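Worksheet for the structure shown next.
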Amino acid sequence: MPRPAAAVKPVGTVTRGTTNTNRLRRVDRWIAARPEFGRAADPLVVDLGFGASGVTSFELWSRLAAVRPEVRVLGLEIDPARVTTAEGQLAEVRAGRTSFDPDMDVAFARGGFEVPLPGGERVAVIRAFNVLRQYSEGEVADAWARMASRLAPDGLLVEGTCDELGRVCSWVDLSPAGPERFTISLRLAGLESPSVVAERLPKALIHRNVPGEPVHAWLAAIEDAWRKASVLAPYGVQQRWIGAVAALRGAGWPVLGSRTRWRLGEVTVPWRTVAPQA
């Protein structure tokens with residue numbers, strides 16, 4: 001993979017960089033199933049803000065390569081020390097001293113929201129996870145616009161957050177035209193209440209979870225449906241979740257997807273369902 005031209009100064013600030021193995025598995029499998037990725041003419045994927053370790057970029061390539069073997073992954077970080085660390089890890093992969101494919105098409109470089117690529121190359125997918133959490137809500141729109149401007153015409157930007165173990169996740173996906181959908185993905189085993197996601201909402205929504213805001217109404221509806229679906233608990237937590245999501249759709253909420261996604265602990269709605277009030 002060609003290395004991007006060095007930016008004069010990457011756009012953004014260095015974040016905490018917390019990285020854990022398998023932390024982003026939920027969003028990775030969602031991306032792998034998206035038609036935008038499956039039909040991309042050039043499946044170039046950027047892992048923006050990969051953190052203190054390159055492992056999430058390796059995992060991203062591994063999961064996406066199962067669908068598109070020709071996928072290329074570029075990990076970007078503002079902190080040059082993190083890029084150096086990831087390149088050292090990649091050398092270990094190339095030497096066959098890890099469980100990852102030594103021939104994986106992965107590279108690392110310094111960069112931020114400007115997503116620097118040689119010749120202005122466009123990206124099929126940008127995954128920016130746990131990056132904007134440390135920014136202010138007022139900075140989100142500009143960051144989204146910068147990243148989305150680097151997408152291919154049918155590209156996809158996925159921006160969100162999750163807990164340290166990747167069991168509680170939520171994200172917004174955007175096309176070059178703007179935000180399209182909002183997804184919640186929860187580990188169902190041991191789930192007591194879907195309201196646990198309130199602490200892991202994307203920056204654009206986390207401060208809007210108050211009465212009168214659409215996202216607050218959506219989370220309250222999920223919680224109510226989950227409570228009423230307790231009659232399905234004897235059949236397992238997965239059936240309880242599927243029943244709750246089906247009830248939401250039946251009540252008129254514009255729930256997207258099918259049981260294939262729901263049984264994974266996911267629920268997706270159009271962005272307009274949760275978009276903040278002006």
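Numbering starts fresh at 1 for the residues of each chain in the structure tokens, the chains themselves are lettered A, B, ... in the order given, and ligands are numbered from 1 as they appear.
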(request) Determine, counting only C-alpha atoms, which protein, DNA and RNA residues have an atom within 10 Å of an atom of Trp30 (chain A); residues of the same chain fewer than 2 positions away are not included. Present the result as a list in words. (result)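 Selected residues are Arg25, Arg26, Val27, Asp28, Ala32, Ala33, Arg34, Leu64, Val158, Thr183, Ser185, Arg261, Leu264 and Glu266 of chain A.
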Next, write the just-selected residues to a file, as an mmCIF file, in the first residue's frame, keeping N, CA and C atoms as the atom set.
data_model
loop_
_atom_site.group_PDB
_atom_site.id
_atom_site.type_symbol
_atom_site.label_atom_id
_atom_site.label_comp_id
_atom_site.auth_asym_id
_atom_site.auth_seq_id
_atom_site.Cartn_x
_atom_site.Cartn_y
_atom_site.Cartn_z
ATOM 1 N N ARG A 25 -14.874 -5.521 17.573
ATOM 2 C CA ARG A 25 -15.406 -6.622 16.775
ATOM 3 C C ARG A 25 -16.834 -6.362 16.308
ATOM 4 N N ARG A 26 -17.646 -5.678 17.128
ATOM 5 C CA ARG A 26 -19.045 -5.473 16.770
ATOM 6 C C ARG A 26 -19.185 -4.545 15.566
ATOM 7 N N VAL A 27 -18.470 -3.449 15.592
ATOM 8 C CA VAL A 27 -18.565 -2.524 14.460
ATOM 9 C C VAL A 27 -17.881 -3.111 13.233
ATOM 10 N N ASP A 28 -16.819 -3.904 13.426
ATOM 11 C CA ASP A 28 -16.137 -4.515 12.282
ATOM 12 C C ASP A 28 -17.061 -5.453 11.515
ATOM 13 N N ALA A 32 -18.374 -5.168 7.664
ATOM 14 C CA ALA A 32 -18.182 -6.275 6.717
ATOM 15 C C ALA A 32 -19.467 -6.648 6.003
ATOM 16 N N ALA A 33 -20.606 -6.434 6.666
ATOM 17 C CA ALA A 33 -21.898 -6.792 6.080
ATOM 18 C C ALA A 33 -22.532 -5.664 5.280
ATOM 19 N N ARG A 34 -21.961 -4.468 5.312
ATOM 20 C CA ARG A 34 -22.575 -3.329 4.644
ATOM 21 C C ARG A 34 -22.391 -3.408 3.129
ATOM 22 N N LEU A 64 -12.483 -7.992 7.542
ATOM 23 C CA LEU A 64 -12.960 -7.548 6.236
ATOM 24 C C LEU A 64 -12.428 -8.415 5.099
ATOM 25 N N VAL A 158 -17.906 5.594 9.577
ATOM 26 C CA VAL A 158 -18.530 5.022 10.770
ATOM 27 C C VAL A 158 -17.846 5.632 11.986
ATOM 28 N N THR A 183 -26.832 3.210 15.083
ATOM 29 C CA THR A 183 -26.872 1.803 15.479
ATOM 30 C C THR A 183 -26.423 1.629 16.920
ATOM 31 N N SER A 185 -25.286 -1.602 19.450
ATOM 32 C CA SER A 185 -24.913 -3.012 19.431
ATOM 33 C C SER A 185 -24.463 -3.411 20.830
ATOM 34 N N ARG A 261 -29.638 -9.378 11.896
ATOM 35 C CA ARG A 261 -28.844 -8.385 12.625
ATOM 36 C C ARG A 261 -29.302 -8.270 14.077
ATOM 37 N N LEU A 264 -27.793 -10.390 16.798
ATOM 38 C CA LEU A 264 -26.431 -10.033 17.198
ATOM 39 C C LEU A 264 -26.418 -8.954 18.274
ATOM 40 N N GLU A 266 -28.034 -6.008 17.819
ATOM 41 C CA GLU A 266 -28.057 -4.723 17.128
ATOM 42 C C GLU A 266 -29.471 -4.187 16.965
#
How close does region 108-214 of chain A get to region 81-95 of chain A? List, as JSON lines, each residue of region 108-214 of chain A within 7 Å, its nearest atom pair and the distance in Å to one decimal, counting only C-alpha atoms.
{"residue": "A:Phe108", "atom": "CA", "partner": "A:Val83", "partner_atom": "CA", "distance": 6.1}
{"residue": "A:Ala109", "atom": "CA", "partner": "A:Val83", "partner_atom": "CA", "distance": 6.0}
{"residue": "A:Arg110", "atom": "CA", "partner": "A:Val83", "partner_atom": "CA", "distance": 6.5}
Output of the above residues as a PDB file, in the first residue's frame, restricted to N, CA and C atoms:
ATOM      1  N   PHE A 108       0.617   1.846   8.182  1.00  0.00           N
ATOM      2  CA  PHE A 108       0.357   2.879   9.188  1.00  0.00           C
ATOM      3  C   PHE A 108       1.028   4.176   8.771  1.00  0.00           C
ATOM      4  N   ALA A 109       0.407   5.282   9.161  1.00  0.00           N
ATOM      5  CA  ALA A 109       0.969   6.591   8.836  1.00  0.00           C
ATOM      6  C   ALA A 109       0.415   7.622   9.803  1.00  0.00           C
ATOM      7  N   ARG A 110       1.010   8.795   9.777  1.00  0.00           N
ATOM      8  CA  ARG A 110       0.554   9.899  10.620  1.00  0.00           C
ATOM      9  C   ARG A 110      -0.522  10.673   9.877  1.00  0.00           C
TER      10      ARG A 110
END
(request) Tell me, in Å to one decimal, how far CA of Pro270 (chain A) is from CA of Glu180 (chain A). (result) 6.0 Å
(request) Assign secondary structure with DSSP using the backbone only, and return the residues of region 36-143 of chain A in strand (DSSP E) as a PyMOL selection string. (result) chain A and resi 44-48+72-77+106-110+123-129
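Proximity ranking of A:Ile242, A:Ala40, A:Val140, A:Val73 relative to Ala124 (chain A) places A:Ala40 first, based on only C-alpha atoms.
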(message) Residues near region 47-53 of chain A, anyone? I mean within 6 Å using only C-alpha atoms, not counting same-chain ones fewer than 3 positions away, as JSON, numbers by chain.
(response) {"A": [17, 19, 75, 76, 77, 82, 86, 127, 128]}
Based on the selection just made, write N, CA, C and O atoms of those residues as a PDB file, in the first residue's frame.
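Writing done, so here's selection_34.pdb:
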ATOM      1  N   GLY A  17      -6.016   6.970  23.503  1.00  0.00           N
ATOM      2  CA  GLY A  17      -5.413   5.865  22.774  1.00  0.00           C
ATOM      3  C   GLY A  17      -5.656   4.488  23.367  1.00  0.00           C
ATOM      4  O   GLY A  17      -4.938   3.543  23.049  1.00  0.00           O
ATOM      5  N   THR A  19      -6.592   0.894  23.766  1.00  0.00           N
ATOM      6  CA  THR A  19      -6.777  -0.154  22.762  1.00  0.00           C
ATOM      7  C   THR A  19      -6.842  -1.507  23.448  1.00  0.00           C
ATOM      8  O   THR A  19      -6.001  -1.817  24.279  1.00  0.00           O
ATOM      9  N   GLY A  75      -3.958   2.484   8.856  1.00  0.00           N
ATOM     10  CA  GLY A  75      -4.161   3.020  10.192  1.00  0.00           C
ATOM     11  C   GLY A  75      -3.523   4.393  10.311  1.00  0.00           C
ATOM     12  O   GLY A  75      -2.344   4.567   9.982  1.00  0.00           O
ATOM     13  N   LEU A  76      -4.298   5.375  10.777  1.00  0.00           N
ATOM     14  CA  LEU A  76      -3.802   6.742  10.931  1.00  0.00           C
ATOM     15  C   LEU A  76      -3.827   7.158  12.396  1.00  0.00           C
ATOM     16  O   LEU A  76      -4.790   6.877  13.108  1.00  0.00           O
ATOM     17  N   GLU A  77      -2.783   7.820  12.814  1.00  0.00           N
ATOM     18  CA  GLU A  77      -2.700   8.384  14.162  1.00  0.00           C
ATOM     19  C   GLU A  77      -1.970   9.713  14.104  1.00  0.00           C
ATOM     20  O   GLU A  77      -1.054   9.903  13.299  1.00  0.00           O
ATOM     21  N   ARG A  82       2.957   6.532  18.265  1.00  0.00           N
ATOM     22  CA  ARG A  82       2.017   5.425  18.085  1.00  0.00           C
ATOM     23  C   ARG A  82       2.186   4.790  16.704  1.00  0.00           C
ATOM     24  O   ARG A  82       2.049   3.569  16.552  1.00  0.00           O
ATOM     25  N   ALA A  86       3.129   0.864  16.056  1.00  0.00           N
ATOM     26  CA  ALA A  86       2.327   0.011  15.178  1.00  0.00           C
ATOM     27  C   ALA A  86       3.172  -0.580  14.059  1.00  0.00           C
ATOM     28  O   ALA A  86       2.994  -1.750  13.682  1.00  0.00           O
ATOM     29  N   ARG A 127     -13.293   4.125   9.530  1.00  0.00           N
ATOM     30  CA  ARG A 127     -13.765   3.777  10.868  1.00  0.00           C
ATOM     31  C   ARG A 127     -13.056   4.699  11.858  1.00  0.00           C
ATOM     32  O   ARG A 127     -11.838   4.651  11.987  1.00  0.00           O
ATOM     33  N   ALA A 128     -13.825   5.542  12.527  1.00  0.00           N
ATOM     34  CA  ALA A 128     -13.272   6.488  13.508  1.00  0.00           C
ATOM     35  C   ALA A 128     -13.957   6.205  14.845  1.00  0.00           C
ATOM     36  O   ALA A 128     -15.007   6.772  15.137  1.00  0.00           O
TER      37      ALA A 128
END
(message) Excluding Glu137 (chain A) and its own-chain neighbours fewer than 4 positions away, which residues fall within 8 Å of it when counting only C-alpha atoms? Please give them as a list of chain:residue names.
(response) A:Lys203, A:Ala204, A:His207
(message) So that I can see what lies close to region 165-179 of chain A, please list as a PyMOL selection string the residues with an atom at most 8 Å from it, counting only C-alpha atoms and leaving out residues fewer than 2 positions away in the same chain.
(response) chain A and resi 20+22-27+145+148-149+151-163+181-187+196-197+200-202+271
(message) Given only C-alpha atoms as the basis, pick out the residue of A:Ser62, A:Gln239, A:Thr15, A:Ser193 nearest to Arg29 (chain A).
(response)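 Using only C-alpha atoms, the shortest distance to Arg29 (chain A) belongs to A:Ser62.
Computed from the coordinates, the CA of Gly120 (chain A) to CA of Arg150 (chain A) distance equals 8.1 Å.
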(request) Rank A:Met147, A:Pro80, A:Arg133, A:Trp253 by their smallest atom-to-atom distance to Leu219 (chain A), using only C-alpha atoms, and report the top residue only. (result) A:Trp253
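Interatomic distance, CA of Asn130 (chain A) to CA of Glu114 (chain A): 17.1 Å.
Nearest to His216 (chain A) of all the residues A:Ser230, A:Thr273, A:Thr260, A:Gln238 is A:Thr273, counting only C-alpha atoms.
Using only C-alpha atoms, the nearest neighbour of Pro194 (chain A) within the list A:Ile222, A:Val237, A:Ala217, A:Val55 is A:Ile222.
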(request) Could you please write out, as a ChimeraX atom specification, every residue of region 226-263 of chain A that DSSP assigns to alpha helix (DSSP H)? (result) /A:226-228,237-250,259-262
